[in-house]
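This is query13.cif (mmCIF, C-alpha atoms).
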```
data_protein
#
loop_
_atom_site.label_atom_id
_atom_site.label_comp_id
_atom_site.auth_asym_id
_atom_site.auth_seq_id
_atom_site.Cartn_x
_atom_site.Cartn_y
_atom_site.Cartn_z
CA MET A 1 149.13 123.67 106.25
CA SER A 2 150.94 121.00 108.24
CA GLU A 3 149.09 118.71 110.60
CA PRO A 4 149.13 119.96 114.22
CA LYS A 5 151.02 118.02 116.82
CA GLY A 6 147.85 117.23 118.79
CA ALA A 7 146.20 115.53 115.83
CA LEU A 8 149.40 113.81 114.68
CA LEU A 9 149.90 112.17 118.08
CA LEU A 10 146.55 110.40 117.69
CA GLY A 11 148.23 108.09 115.21
CA THR A 12 151.64 107.64 116.90
CA GLU A 13 151.55 108.02 120.67
CA ASP A 14 150.95 105.06 123.01
CA VAL A 15 147.21 104.31 123.03
CA GLY A 16 147.04 104.06 126.82
CA LYS A 17 148.66 107.47 127.20
CA LEU A 18 146.37 108.92 124.55
CA LEU A 19 143.27 107.53 126.23
CA LYS A 20 144.42 109.02 129.52
CA LYS A 21 145.18 112.33 127.82
CA TYR A 22 141.84 112.57 126.02
CA ALA A 23 139.59 110.79 128.49
CA THR A 24 140.80 112.56 131.65
CA PRO A 25 139.60 116.03 130.62
CA ALA A 26 136.41 114.53 129.21
CA ILE A 27 135.81 112.59 132.45
CA ILE A 28 136.48 115.71 134.53
CA ALA A 29 134.10 117.67 132.32
CA MET A 30 131.37 115.02 132.38
CA THR A 31 131.78 114.48 136.13
CA ALA A 32 131.53 118.19 136.72
CA SER A 33 128.45 118.34 134.50
CA SER A 34 126.73 115.46 136.29
CA LEU A 35 127.70 116.93 139.67
CA TYR A 36 125.97 120.11 138.61
CA ASN A 37 122.82 118.13 137.79
CA MET A 38 122.96 116.53 141.24
CA ILE A 39 123.57 119.86 142.97
CA ASP A 40 120.76 121.41 140.92
CA SER A 41 118.39 118.72 142.22
CA ILE A 42 119.69 119.14 145.77
CA PHE A 43 119.10 122.91 145.66
CA ILE A 44 115.61 122.38 144.22
CA GLY A 45 114.79 119.62 146.71
CA HIS A 46 115.82 121.62 149.76
CA GLY A 47 115.07 125.11 148.45
CA VAL A 48 111.72 124.48 146.73
CA GLY A 49 110.38 121.12 147.99
CA PRO A 50 109.87 117.39 147.20
CA LEU A 51 107.15 118.04 144.61
CA ALA A 52 109.57 120.31 142.77
CA ILE A 53 111.91 117.31 142.38
CA SER A 54 109.00 115.41 140.86
CA GLY A 55 108.32 118.36 138.56
CA LEU A 56 111.97 118.39 137.52
CA ALA A 57 111.78 114.64 136.80
CA ILE A 58 108.85 115.33 134.45
CA THR A 59 111.17 117.53 132.36
CA PHE A 60 113.68 114.72 131.75
CA PRO A 61 111.98 113.60 128.50
CA PHE A 62 112.13 117.17 127.23
CA MET A 63 115.79 117.45 128.21
CA ASN A 64 116.53 114.12 126.51
CA LEU A 65 114.71 115.20 123.37
CA GLY A 66 116.64 118.47 123.22
CA ALA A 67 119.85 116.57 123.87
CA ALA A 68 118.91 114.13 121.11
CA ILE A 69 118.92 116.87 118.49
CA GLY A 70 122.06 118.49 119.88
CA ALA A 71 123.85 115.13 120.03
CA MET A 72 122.81 114.28 116.49
CA VAL A 73 124.67 117.32 115.20
CA GLY A 74 127.49 117.43 117.76
CA VAL A 75 128.45 113.75 117.71
CA GLY A 76 128.07 113.50 113.95
CA ALA A 77 130.18 116.61 113.38
CA SER A 78 132.91 115.56 115.83
CA THR A 79 133.22 112.13 114.20
CA VAL A 80 133.34 113.63 110.69
CA THR A 81 135.96 116.15 111.87
CA ALA A 82 138.21 113.49 113.44
CA ILE A 83 137.96 111.13 110.46
CA GLU A 84 138.75 113.93 108.00
CA LEU A 85 141.71 115.03 110.13
CA GLY A 86 142.97 111.45 109.96
CA LYS A 87 142.68 111.66 106.17
CA LYS A 88 144.30 115.13 106.23
CA ASN A 89 141.24 116.73 104.62
CA TYR A 90 141.56 119.96 106.60
CA GLU A 91 139.29 122.15 104.49
CA LYS A 92 136.44 119.68 104.91
CA SER A 93 136.95 119.76 108.69
CA CYS A 94 136.45 123.55 108.65
CA ARG A 95 133.31 123.21 106.53
CA ALA A 96 132.00 120.63 108.98
CA LEU A 97 132.42 123.15 111.81
CA ALA A 98 130.46 125.85 109.94
CA ASN A 99 127.71 123.38 109.04
CA THR A 100 127.55 122.31 112.69
CA ILE A 101 126.66 125.86 113.71
CA MET A 102 124.04 126.28 110.99
CA LEU A 103 122.39 122.93 111.74
CA ASN A 104 122.28 123.65 115.49
CA VAL A 105 120.61 127.01 114.92
CA PHE A 106 118.14 125.55 112.39
CA PHE A 107 117.06 122.61 114.56
CA GLY A 108 117.13 124.70 117.73
CA ILE A 109 114.63 127.23 116.37
CA ILE A 110 112.23 124.55 115.15
CA PHE A 111 112.37 122.64 118.46
CA THR A 112 111.77 125.78 120.52
CA VAL A 113 108.81 127.05 118.50
CA VAL A 114 107.00 123.70 118.33
CA CYS A 115 107.50 122.80 121.99
CA LEU A 116 106.53 126.20 123.39
CA ALA A 117 103.31 126.10 121.38
CA PHE A 118 102.20 122.84 123.00
CA LEU A 119 104.09 122.91 126.30
CA LYS A 120 101.29 122.11 128.78
CA PRO A 121 99.75 119.14 126.92
CA ILE A 122 103.24 117.75 126.29
CA LEU A 123 104.08 117.92 129.99
CA PHE A 124 100.83 116.16 130.94
CA PHE A 125 101.68 113.47 128.40
CA PHE A 126 105.14 113.16 129.98
CA GLY A 127 103.57 112.31 133.34
CA ALA A 128 102.80 115.65 134.99
CA SER A 129 99.88 116.00 137.38
CA GLU A 130 98.08 119.11 138.58
CA ASN A 131 100.53 119.16 141.51
CA THR A 132 103.74 118.90 139.50
CA LEU A 133 102.77 120.79 136.33
CA PRO A 134 103.54 124.31 137.65
CA TYR A 135 107.13 123.33 138.49
CA ALA A 136 107.75 121.55 135.20
CA TYR A 137 106.13 124.34 133.17
CA GLU A 138 108.16 127.13 134.77
CA TYR A 139 111.40 125.23 134.29
CA MET A 140 110.86 124.25 130.64
CA GLN A 141 109.66 127.69 129.53
CA VAL A 142 113.09 129.11 130.27
CA ILE A 143 115.04 126.09 129.02
CA LEU A 144 113.24 126.16 125.66
CA LEU A 145 113.82 129.89 125.19
CA GLY A 146 117.55 129.26 125.62
CA ASN A 147 117.57 126.09 123.54
CA ILE A 148 119.75 127.44 120.71
CA ILE A 149 122.47 128.39 123.19
CA THR A 150 122.40 124.87 124.62
CA HIS A 151 122.66 123.25 121.18
CA LEU A 152 125.52 125.48 120.05
CA TYR A 153 127.45 124.96 123.28
CA HIS A 154 127.27 121.15 123.12
CA GLY A 155 127.89 121.00 119.36
CA LEU A 156 130.97 123.23 119.36
CA ASN A 157 132.40 121.55 122.46
CA SER A 158 132.19 118.16 120.73
CA VAL A 159 134.00 119.44 117.65
CA LEU A 160 136.65 121.17 119.79
CA ARG A 161 137.44 117.90 121.57
CA ALA A 162 137.64 115.97 118.29
CA SER A 163 139.96 118.56 116.71
CA GLY A 164 142.73 117.92 119.24
CA HIS A 165 141.74 120.22 122.13
CA PRO A 166 140.44 118.01 124.96
CA ASN A 167 141.71 120.35 127.69
CA GLU A 168 139.98 123.39 126.23
CA ALA A 169 136.74 121.37 125.92
CA MET A 170 137.10 120.44 129.59
CA VAL A 171 137.62 124.08 130.57
CA ALA A 172 134.44 125.08 128.73
CA THR A 173 132.43 122.49 130.65
CA ILE A 174 133.95 123.44 134.00
CA ILE A 175 133.11 127.11 133.36
CA THR A 176 129.50 126.04 132.79
CA VAL A 177 129.35 123.95 135.94
CA LEU A 178 130.90 126.50 138.28
CA ALA A 179 128.73 129.30 136.95
CA ASN A 180 125.67 127.05 137.21
CA VAL A 181 126.23 126.18 140.85
CA VAL A 182 126.79 129.81 141.86
CA LEU A 183 123.82 131.10 139.88
CA ASP A 184 121.60 128.25 141.12
CA TRP A 185 122.28 129.18 144.71
CA LEU A 186 121.81 132.90 143.97
CA PHE A 187 118.50 132.57 142.12
CA ILE A 188 116.93 129.89 144.36
CA PHE A 189 117.91 131.07 147.85
CA PRO A 190 118.76 134.81 148.13
CA LEU A 191 116.51 135.87 145.23
CA GLY A 192 113.77 133.28 145.91
CA MET A 193 113.08 132.60 142.22
CA GLY A 194 112.36 128.91 142.76
CA ILE A 195 112.63 126.38 139.96
CA ARG A 196 112.48 129.12 137.30
CA GLY A 197 115.67 130.52 138.80
CA ALA A 198 117.38 127.15 138.36
CA ALA A 199 116.46 127.17 134.66
CA ILE A 200 117.72 130.74 134.16
CA ALA A 201 120.96 129.75 135.86
CA THR A 202 121.39 126.86 133.42
CA ILE A 203 121.05 129.02 130.30
CA LEU A 204 123.19 131.89 131.59
CA ALA A 205 125.93 129.47 132.62
CA GLN A 206 126.06 127.95 129.11
CA THR A 207 126.37 131.37 127.50
CA LEU A 208 129.78 132.03 129.09
CA PRO A 209 131.61 128.97 127.68
CA LEU A 210 129.87 129.45 124.32
CA ILE A 211 131.67 132.79 124.01
CA TYR A 212 134.91 131.02 124.95
CA LEU A 213 134.35 128.36 122.26
CA PHE A 214 133.67 130.94 119.57
CA LYS A 215 136.85 132.78 120.53
CA ILE A 216 138.89 129.61 119.95
CA PHE A 217 137.29 128.74 116.62
CA LEU A 218 137.63 132.32 115.33
CA ASN A 219 141.41 131.99 115.62
CA LYS A 220 142.68 131.55 112.05
CA ASN A 221 145.79 129.78 113.38
CA GLU A 222 143.67 126.85 114.47
CA LEU A 223 143.55 124.04 111.93
CA VAL A 224 139.79 123.73 112.43
CA HIS A 225 138.50 127.29 112.48
CA LEU A 226 135.58 129.43 111.36
CA ASP A 227 135.72 131.13 107.98
CA ARG A 228 132.92 133.08 106.33
CA LYS A 229 133.30 131.15 103.07
CA ASP A 230 132.45 127.86 104.82
CA PHE A 231 128.98 129.04 105.92
CA VAL A 232 127.22 127.36 103.02
CA PHE A 233 125.15 124.22 103.47
CA ASP A 234 127.30 121.33 102.22
CA ILE A 235 124.92 118.48 101.38
CA LYS A 236 127.64 115.81 101.56
CA ILE A 237 128.87 116.96 104.97
CA ILE A 238 125.32 117.31 106.29
CA LYS A 239 124.49 113.78 105.12
CA ASP A 240 127.63 112.44 106.84
CA ILE A 241 126.85 114.32 110.07
CA LEU A 242 123.24 113.17 110.16
CA ALA A 243 124.06 109.58 109.17
CA ILE A 244 126.48 109.26 112.08
CA GLY A 245 124.42 111.44 114.42
CA ILE A 246 121.20 109.51 113.82
CA SER A 247 122.31 106.93 116.38
CA PRO A 248 122.49 109.33 119.36
CA LEU A 249 119.34 111.02 118.05
CA LEU A 250 117.40 107.77 118.12
CA LEU A 251 118.97 106.77 121.43
CA ASN A 252 118.03 110.01 123.17
CA SER A 253 114.60 110.01 121.54
CA ALA A 254 114.13 106.48 122.84
CA LEU A 255 115.21 107.70 126.27
CA CYS A 256 112.45 110.27 126.03
CA VAL A 257 109.88 107.52 125.46
CA ILE A 258 111.41 105.46 128.27
CA VAL A 259 111.19 108.29 130.78
CA ILE A 260 107.59 108.97 129.79
CA LEU A 261 106.70 105.32 130.43
CA ILE A 262 108.64 105.28 133.69
CA ASN A 263 107.07 108.52 134.93
CA ASN A 264 103.55 107.42 134.06
CA GLY A 265 104.10 103.93 135.49
CA LEU A 266 105.49 105.29 138.75
CA LYS A 267 102.73 107.89 139.01
CA LYS A 268 100.09 105.19 138.47
CA PHE A 269 101.45 102.71 141.00
CA GLY A 270 103.18 105.01 143.50
CA GLY A 271 102.03 108.61 143.05
CA ASP A 272 103.90 111.88 142.42
CA LEU A 273 106.65 111.22 144.96
CA SER A 274 107.66 107.98 143.26
CA VAL A 275 108.28 110.05 140.13
CA GLY A 276 110.54 112.24 142.24
CA ALA A 277 112.30 109.09 143.44
CA TYR A 278 113.15 108.24 139.85
CA GLY A 279 114.49 111.76 139.49
CA ILE A 280 116.90 111.11 142.38
CA VAL A 281 117.93 107.64 141.21
CA ASN A 282 118.41 108.95 137.69
CA ARG A 283 120.72 111.72 138.93
CA VAL A 284 122.90 109.24 140.80
CA THR A 285 123.15 106.68 137.99
CA PHE A 286 123.67 109.56 135.58
CA PHE A 287 126.75 110.61 137.55
CA PHE A 288 128.50 107.28 136.95
CA THR A 289 127.31 106.80 133.38
CA MET A 290 128.55 110.29 132.54
CA ILE A 291 132.02 109.24 133.66
CA VAL A 292 131.74 106.33 131.23
CA MET A 293 130.60 108.75 128.54
CA GLY A 294 133.74 110.77 129.31
CA ILE A 295 135.78 107.62 128.70
CA THR A 296 134.02 107.03 125.38
CA GLN A 297 134.54 110.68 124.43
CA GLY A 298 138.24 110.19 125.07
CA MET A 299 138.17 107.01 123.00
CA GLN A 300 136.28 108.56 120.08
CA PRO A 301 138.98 110.77 118.47
CA ILE A 302 141.60 108.00 118.93
CA VAL A 303 139.38 105.42 117.26
CA SER A 304 138.10 107.75 114.53
CA TYR A 305 141.56 109.08 113.60
CA ASN A 306 143.25 105.68 113.52
CA TYR A 307 140.35 104.13 111.65
CA GLY A 308 140.66 106.87 109.05
CA ALA A 309 144.44 106.26 108.96
CA ARG A 310 143.86 102.45 108.64
CA GLN A 311 145.77 101.69 111.85
CA TYR A 312 143.32 99.04 113.01
CA GLU A 313 145.41 97.52 115.81
CA ARG A 314 145.38 100.86 117.59
CA VAL A 315 141.61 101.05 117.11
CA THR A 316 141.16 97.69 118.85
CA GLU A 317 143.52 98.57 121.67
CA ALA A 318 141.61 101.77 122.40
CA LEU A 319 138.32 99.82 122.50
CA LYS A 320 139.66 97.23 124.96
CA LYS A 321 141.12 99.82 127.34
CA ALA A 322 137.93 101.89 127.28
CA ILE A 323 135.80 98.86 128.17
CA LEU A 324 138.03 97.98 131.15
CA LEU A 325 137.87 101.55 132.47
CA ALA A 326 134.10 101.64 132.05
CA ILE A 327 133.58 98.36 133.91
CA SER A 328 135.73 99.59 136.81
CA THR A 329 133.76 102.84 137.08
CA LEU A 330 130.34 101.21 137.01
CA SER A 331 131.40 98.52 139.50
CA PHE A 332 132.22 101.25 142.00
CA GLY A 333 128.85 102.86 141.29
CA CYS A 334 127.13 99.54 141.93
CA LEU A 335 128.93 99.23 145.27
CA VAL A 336 127.77 102.69 146.34
CA GLY A 337 124.18 102.11 145.23
CA GLU A 338 123.88 98.76 146.97
CA THR A 339 125.61 99.58 150.27
CA ILE A 340 124.75 103.21 151.15
CA PRO A 341 121.64 104.13 149.11
CA ARG A 342 119.84 105.91 152.00
CA PHE A 343 122.80 108.17 152.67
CA VAL A 344 123.06 109.09 148.99
CA CYS A 345 119.32 109.75 148.62
CA SER A 346 119.22 111.81 151.83
CA LEU A 347 121.46 114.35 150.10
CA PHE A 348 118.49 115.28 147.92
CA THR A 349 115.60 115.30 150.37
CA ASN A 350 114.55 114.87 154.00
CA ASP A 351 111.07 113.64 153.08
CA GLU A 352 110.79 110.10 154.50
CA GLU A 353 108.31 108.78 151.92
CA LEU A 354 110.41 110.08 149.04
CA LEU A 355 113.51 108.56 150.65
CA ASN A 356 111.92 105.11 150.89
CA TYR A 357 110.86 105.12 147.25
CA SER A 358 114.33 106.28 146.20
CA VAL A 359 116.27 103.67 148.20
CA ASP A 360 114.16 100.79 146.88
CA GLY A 361 114.54 102.00 143.31
CA MET A 362 118.27 102.58 143.54
CA ARG A 363 119.02 99.07 144.82
CA ILE A 364 117.08 97.50 141.97
CA VAL A 365 118.34 99.72 139.14
CA MET A 366 122.01 99.40 140.11
CA ALA A 367 121.95 95.63 140.63
CA THR A 368 123.44 94.95 137.17
CA PHE A 369 125.15 98.31 136.75
CA PRO A 370 128.69 97.14 135.79
CA ILE A 371 127.66 95.25 132.66
CA ILE A 372 126.18 98.27 130.87
CA ALA A 373 129.79 99.20 130.11
CA PHE A 374 129.56 96.87 127.11
CA PRO A 375 126.55 98.34 125.26
CA ILE A 376 127.66 101.92 126.02
CA VAL A 377 131.28 101.59 124.90
CA ILE A 378 130.65 99.22 121.99
CA GLY A 379 127.82 101.40 120.70
CA ASN A 380 130.11 104.44 120.81
CA PHE A 381 132.85 102.40 119.09
CA PHE A 382 130.63 101.62 116.09
CA GLN A 383 129.61 105.26 115.96
CA SER A 384 133.27 106.38 116.05
CA ILE A 385 134.21 104.29 113.01
CA GLY A 386 131.20 105.49 111.02
CA LYS A 387 129.22 102.23 111.33
CA ALA A 388 125.97 104.09 111.88
CA LYS A 389 123.63 101.12 111.35
CA LYS A 390 125.37 98.94 113.93
CA SER A 391 125.41 101.79 116.43
CA ILE A 392 121.71 102.45 115.85
CA VAL A 393 120.77 98.79 116.29
CA LEU A 394 122.71 98.51 119.53
CA SER A 395 121.45 101.80 120.93
CA LEU A 396 117.80 101.14 120.13
CA SER A 397 117.83 97.51 121.27
CA ARG A 398 118.49 98.44 124.87
CA GLN A 399 116.09 101.36 125.01
CA VAL A 400 113.31 100.28 122.65
CA LEU A 401 113.26 96.58 121.80
CA PHE A 402 113.86 95.42 125.36
CA LEU A 403 112.99 98.12 127.89
CA ILE A 404 109.73 99.44 126.45
CA PRO A 405 107.96 96.04 126.35
CA LEU A 406 109.19 95.31 129.87
CA LEU A 407 107.87 98.66 131.13
CA ILE A 408 104.49 97.90 129.59
CA ILE A 409 104.22 94.29 130.81
CA LEU A 410 105.99 93.89 134.18
CA PRO A 411 104.15 96.59 136.22
CA ASN A 412 100.84 94.85 135.47
CA PHE A 413 102.11 91.83 137.42
CA ILE A 414 104.30 93.25 140.21
CA GLY A 415 103.27 96.90 140.39
CA ILE A 416 105.83 99.61 141.04
CA LYS A 417 108.68 97.10 141.36
CA GLY A 418 107.95 96.05 137.77
CA VAL A 419 108.84 99.57 136.64
CA TRP A 420 112.16 99.47 138.49
CA TRP A 421 113.09 95.88 137.52
CA SER A 422 112.50 96.55 133.82
CA ILE A 423 115.70 98.61 133.73
CA PRO A 424 118.29 96.03 134.88
CA ILE A 425 116.62 93.19 132.96
CA SER A 426 116.88 95.15 129.69
CA ASP A 427 120.52 95.95 130.51
CA VAL A 428 121.36 92.25 130.75
CA ILE A 429 119.77 91.48 127.37
CA ALA A 430 121.44 94.50 125.72
CA THR A 431 124.83 93.43 127.07
CA ILE A 432 124.47 90.00 125.49
CA LEU A 433 123.54 91.58 122.16
CA SER A 434 126.49 94.02 122.26
CA LEU A 435 128.93 91.15 122.85
CA ILE A 436 127.46 89.21 119.92
CA MET A 437 127.72 92.26 117.66
CA ILE A 438 131.34 93.07 118.48
CA TYR A 439 132.29 89.40 118.07
CA ARG A 440 130.66 89.28 114.62
CA TYR A 441 132.30 92.56 113.62
CA TYR A 442 135.80 91.27 114.34
CA LYS A 443 135.09 87.83 112.88
CA PHE A 444 133.47 88.90 109.62
CA ASP A 445 134.06 92.65 109.01
CA VAL A 446 137.66 93.35 110.06
CA LYS A 447 140.15 92.45 107.36
CA SER A 448 143.37 93.25 109.20
#
```
Show how you would write the structure in this file as structure tokens.
Amino acid sequence: MSEPKGALLLGTEDVGKLLKKYATPAIIAMTASSLYNMIDSIFIGHGVGPLAISGLAITFPFMNLGAAIGAMVGVGASTVTAIELGKKNYEKSCRALANTIMLNVFFGIIFTVVCLAFLKPILFFFGASENTLPYAYEYMQVILLGNIITHLYHGLNSVLRASGHPNEAMVATIITVLANVVLDWLFIFPLGMGIRGAAIATILAQTLPLIYLFKIFLNKNELVHLDRKDFVFDIKIIKDILAIGISPLLLNSALCVIVILINNGLKKFGGDLSVGAYGIVNRVTFFFTMIVMGITQGMQPIVSYNYGARQYERVTEALKKAILLAISTLSFGCLVGETIPRFVCSLFTNDEELLNYSVDGMRIVMATFPIIAFPIVIGNFFQSIGKAKKSIVLSLSRQVLFLIPLLIILPNFIGIKGVWWSIPISDVIATILSLIMIYRYYKFDVKS
């Protein structure tokens, strides 16, 4: 079978055009996804109440943990697929797709069963109080029951993008977002189902694009497609997927720990509404960082393919352009967060106390926002070329080595502001480390 035009262009077309071609749909998809998360919070804030926003914020560690497992499989599989396409190992790409599905189902079942069995104590550990527990519990019950659908949707979408179909991957995400917004409104307002309705809307909305993704991969004319013979656990492929995917797994697991510390610190020094304030600030910063993740998703197949094809100059060019785009995006986010924070936060709530907490937090967290382009993009770069150890070190340094100690120490001296200031301080240190690592990579590791 000859190599498809979409994959072939990864090694020949102008890198700037390729980045635009692959990143634009990914950015649109990620922006749409983050907009949904914001709209979801807005519906919950105005349709259920300020404590419901705090309850939703309590679920962030759970969502990060679920995303960690999904990302481990999805990112690992997409990188393996792109590298093997670059090497023209098409049969191995198809086996990677089948193993992606089996791994997502396997891990999804285990995660659901374990978490449902201990849901209430886990939520209390994550920072829930007697006031916020009912909201968090209702939401996570539904999300966990639909966990396999979520894992499959994200895993298959990642592989679809890496196999030369960025536009189709974008369409799948947009279907999810549009369905989510409509169903959110329907279940929260006309049907009065509260925060449980928002969770049901999330799972139902992911089911629709999952059907669309399976339809594409069942097409035998696709280079990367599903075949019954490939549904056998391939130890080599699984090891490759998990070795590359361990970085996002550890990163998202670290994020889970971070959010637990933040939630508990804010609850201790500011009460339940300060936890809700973090929920609002997190949604806003998430919007801009998701755009950057869209840029890195567009960069990933270009870097992976050309690295596999030994076209290292194109690899470097893609990295440089992605960093510049990421810095521009986060600089705009910083401007918004520093100049009109009250307007932005007022979109989520009318509660004056919650607004004040949110505005203060947003100004602090976004003070150094532009520089996180470096650790995000460089970490994804190492992941895209299969340098799992470097990616892990960079990912964990920002979220574990730097932020966790700061979250434990600073609040004891300056209270609630210590929780907020821990975030930008750790970003500065992580940026310095990422620049050192990429410098050493090109000085000592690159041979051409």
#### Entry: Residue among A:Leu208, A:Leu273, A:Ile372, A:Ile414 lying closest to Val177 of chain A, counting all atoms listed in the file
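Residue with the minimum atom-to-atom distance to Val177 of chain A: A:Leu208.
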### Task
Do a neighbour search on Ala52 of chain A at 10 Å with all atoms listed in the file, toss out local chain neighbours closer than 5 positions, and write the hits as a VMD selection string.
chain A and resid 41 44 to 47 57 to 58 131 to 136 139 194 to 195 273 276
Name the residues that the PyMOL selection byres ((chain A and resi 127) around 8) picks from the file above, as a CSV table (one decimal) with C-alpha atoms, in the coordinates of the input, using the file's chain letters and numbers.
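Okay, part02.csv is ready:
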```
chain,number,residue,atom,x,y,z
A,58,ILE,CA,108.8,115.3,134.4
A,123,LEU,CA,104.1,117.9,130.0
A,124,PHE,CA,100.8,116.2,130.9
A,125,PHE,CA,101.7,113.5,128.4
A,126,PHE,CA,105.1,113.2,130.0
A,128,ALA,CA,102.8,115.6,135.0
A,129,SER,CA,99.9,116.0,137.4
A,260,ILE,CA,107.6,109.0,129.8
A,263,ASN,CA,107.1,108.5,134.9
A,264,ASN,CA,103.6,107.4,134.1
A,267,LYS,CA,102.7,107.9,139.0
```
### Query
Selected by the PyMOL selection byres ((chain A and resi 73-89) around 6) in the shown coordinates: which residues, as an NGL selection string?
:A and (70-72 or 90-93 or 155 or 158-159 or 162 or 241 or 244-245 or 301 or 304-305 or 308-309)
Find the residues of segment 354-409 of chain A that sit at most 8 Å from segment 277-285 of chain A; for each, write down the nearest two atoms and how far apart they are in Å, to one decimal. Count only C-alpha atoms. Sort by chain, then by number going up, and give it as a Markdown table.
```
| residue | atom | partner | partner_atom | distance |
| --- | --- | --- | --- | --- |
| A:Leu354 | CA | A:Ala277 | CA | 6.0 |
| A:Leu355 | CA | A:Ala277 | CA | 7.3 |
| A:Tyr357 | CA | A:Ala277 | CA | 5.7 |
| A:Ser358 | CA | A:Ala277 | CA | 4.4 |
| A:Gly361 | CA | A:Val281 | CA | 6.9 |
| A:Met362 | CA | A:Val281 | CA | 5.6 |
| A:Met366 | CA | A:Thr285 | CA | 7.7 |
```
#### Entry: A:Ile295, A:Ala201, A:Leu249, A:Leu319 ranked by distance to Ile69 of chain A, top pick (using all atoms listed in the file)
A:Leu249
### Message
Quick check on the file I pasted: which residues fall under the PyMOL selection byres ((chain A and resi 342) around 10)? Write them as an NGL selection string.
### Response
:A and (337-341 or 343-347 or 355-356 or 358-360 or 362-363)
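With all atoms listed in the file as the atoms that count, the minimum distance from Thr150 of chain A to the choices A:Val182, A:Ala26, A:Leu325, A:Ile203 is reached by A:Ile203.
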### Contacts of Pro375 of chain A within 7 Å, all atoms listed in the file, excl. fewer than 6 positions in-chain, as a list of chain:residue names
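My list of contacting residues is A:Leu394, A:Ala430, A:Thr431, A:Ser434.
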### Message
Residues within 12 Å of Leu186 of chain A, please, as a list in words. Count all atoms listed in the file; anything in the same chain fewer than 4 positions from it doesn't count.
### Response
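Residues near the query, excluding close chain neighbours: Asp40, Phe43, Gly47, Ala179, Asn180, Val181, Val182, Pro190, Leu191, Gly192, Met193, Gly194, Ile195, Gly197, Ala198, Ile200 and Ala201 of chain A.
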Please, can segment 347-358 of chain A be completed to N, CA and C atoms and returned as a PDB file, in the frame of the given file?
```pdb
ATOM      1  N   LEU A 347     120.839 113.103 150.552  1.00  0.00           N
ATOM      2  CA  LEU A 347     121.460 114.350 150.100  1.00  0.00           C
ATOM      3  C   LEU A 347     120.458 115.216 149.337  1.00  0.00           C
ATOM      4  N   PHE A 348     119.444 114.575 148.750  1.00  0.00           N
ATOM      5  CA  PHE A 348     118.490 115.280 147.920  1.00  0.00           C
ATOM      6  C   PHE A 348     117.233 115.728 148.664  1.00  0.00           C
ATOM      7  N   THR A 349     116.858 114.999 149.688  1.00  0.00           N
ATOM      8  CA  THR A 349     115.600 115.300 150.370  1.00  0.00           C
ATOM      9  C   THR A 349     115.597 114.753 151.793  1.00  0.00           C
ATOM     10  N   ASN A 350     114.769 115.370 152.651  1.00  0.00           N
ATOM     11  CA  ASN A 350     114.550 114.870 154.000  1.00  0.00           C
ATOM     12  C   ASN A 350     113.180 114.206 154.137  1.00  0.00           C
ATOM     13  N   ASP A 351     112.410 114.214 153.055  1.00  0.00           N
ATOM     14  CA  ASP A 351     111.070 113.640 153.080  1.00  0.00           C
ATOM     15  C   ASP A 351     111.174 112.109 153.167  1.00  0.00           C
ATOM     16  N   GLU A 352     110.606 111.522 154.226  1.00  0.00           N
ATOM     17  CA  GLU A 352     110.790 110.100 154.500  1.00  0.00           C
ATOM     18  C   GLU A 352     110.152 109.212 153.421  1.00  0.00           C
ATOM     19  N   GLU A 353     108.973 109.586 152.945  1.00  0.00           N
ATOM     20  CA  GLU A 353     108.310 108.780 151.920  1.00  0.00           C
ATOM     21  C   GLU A 353     109.111 108.797 150.621  1.00  0.00           C
ATOM     22  N   LEU A 354     109.591 109.964 150.244  1.00  0.00           N
ATOM     23  CA  LEU A 354     110.410 110.080 149.040  1.00  0.00           C
ATOM     24  C   LEU A 354     111.713 109.297 149.190  1.00  0.00           C
ATOM     25  N   LEU A 355     112.284 109.316 150.382  1.00  0.00           N
ATOM     26  CA  LEU A 355     113.510 108.560 150.650  1.00  0.00           C
ATOM     27  C   LEU A 355     113.290 107.055 150.466  1.00  0.00           C
ATOM     28  N   ASN A 356     112.188 106.553 150.988  1.00  0.00           N
ATOM     29  CA  ASN A 356     111.920 105.110 150.890  1.00  0.00           C
ATOM     30  C   ASN A 356     111.757 104.660 149.445  1.00  0.00           C
ATOM     31  N   TYR A 357     111.000 105.431 148.665  1.00  0.00           N
ATOM     32  CA  TYR A 357     110.860 105.120 147.250  1.00  0.00           C
ATOM     33  C   TYR A 357     112.222 105.114 146.549  1.00  0.00           C
ATOM     34  N   SER A 358     113.037 106.107 146.867  1.00  0.00           N
ATOM     35  CA  SER A 358     114.330 106.280 146.200  1.00  0.00           C
ATOM     36  C   SER A 358     115.298 105.145 146.514  1.00  0.00           C
TER      37      SER A 358
END
```
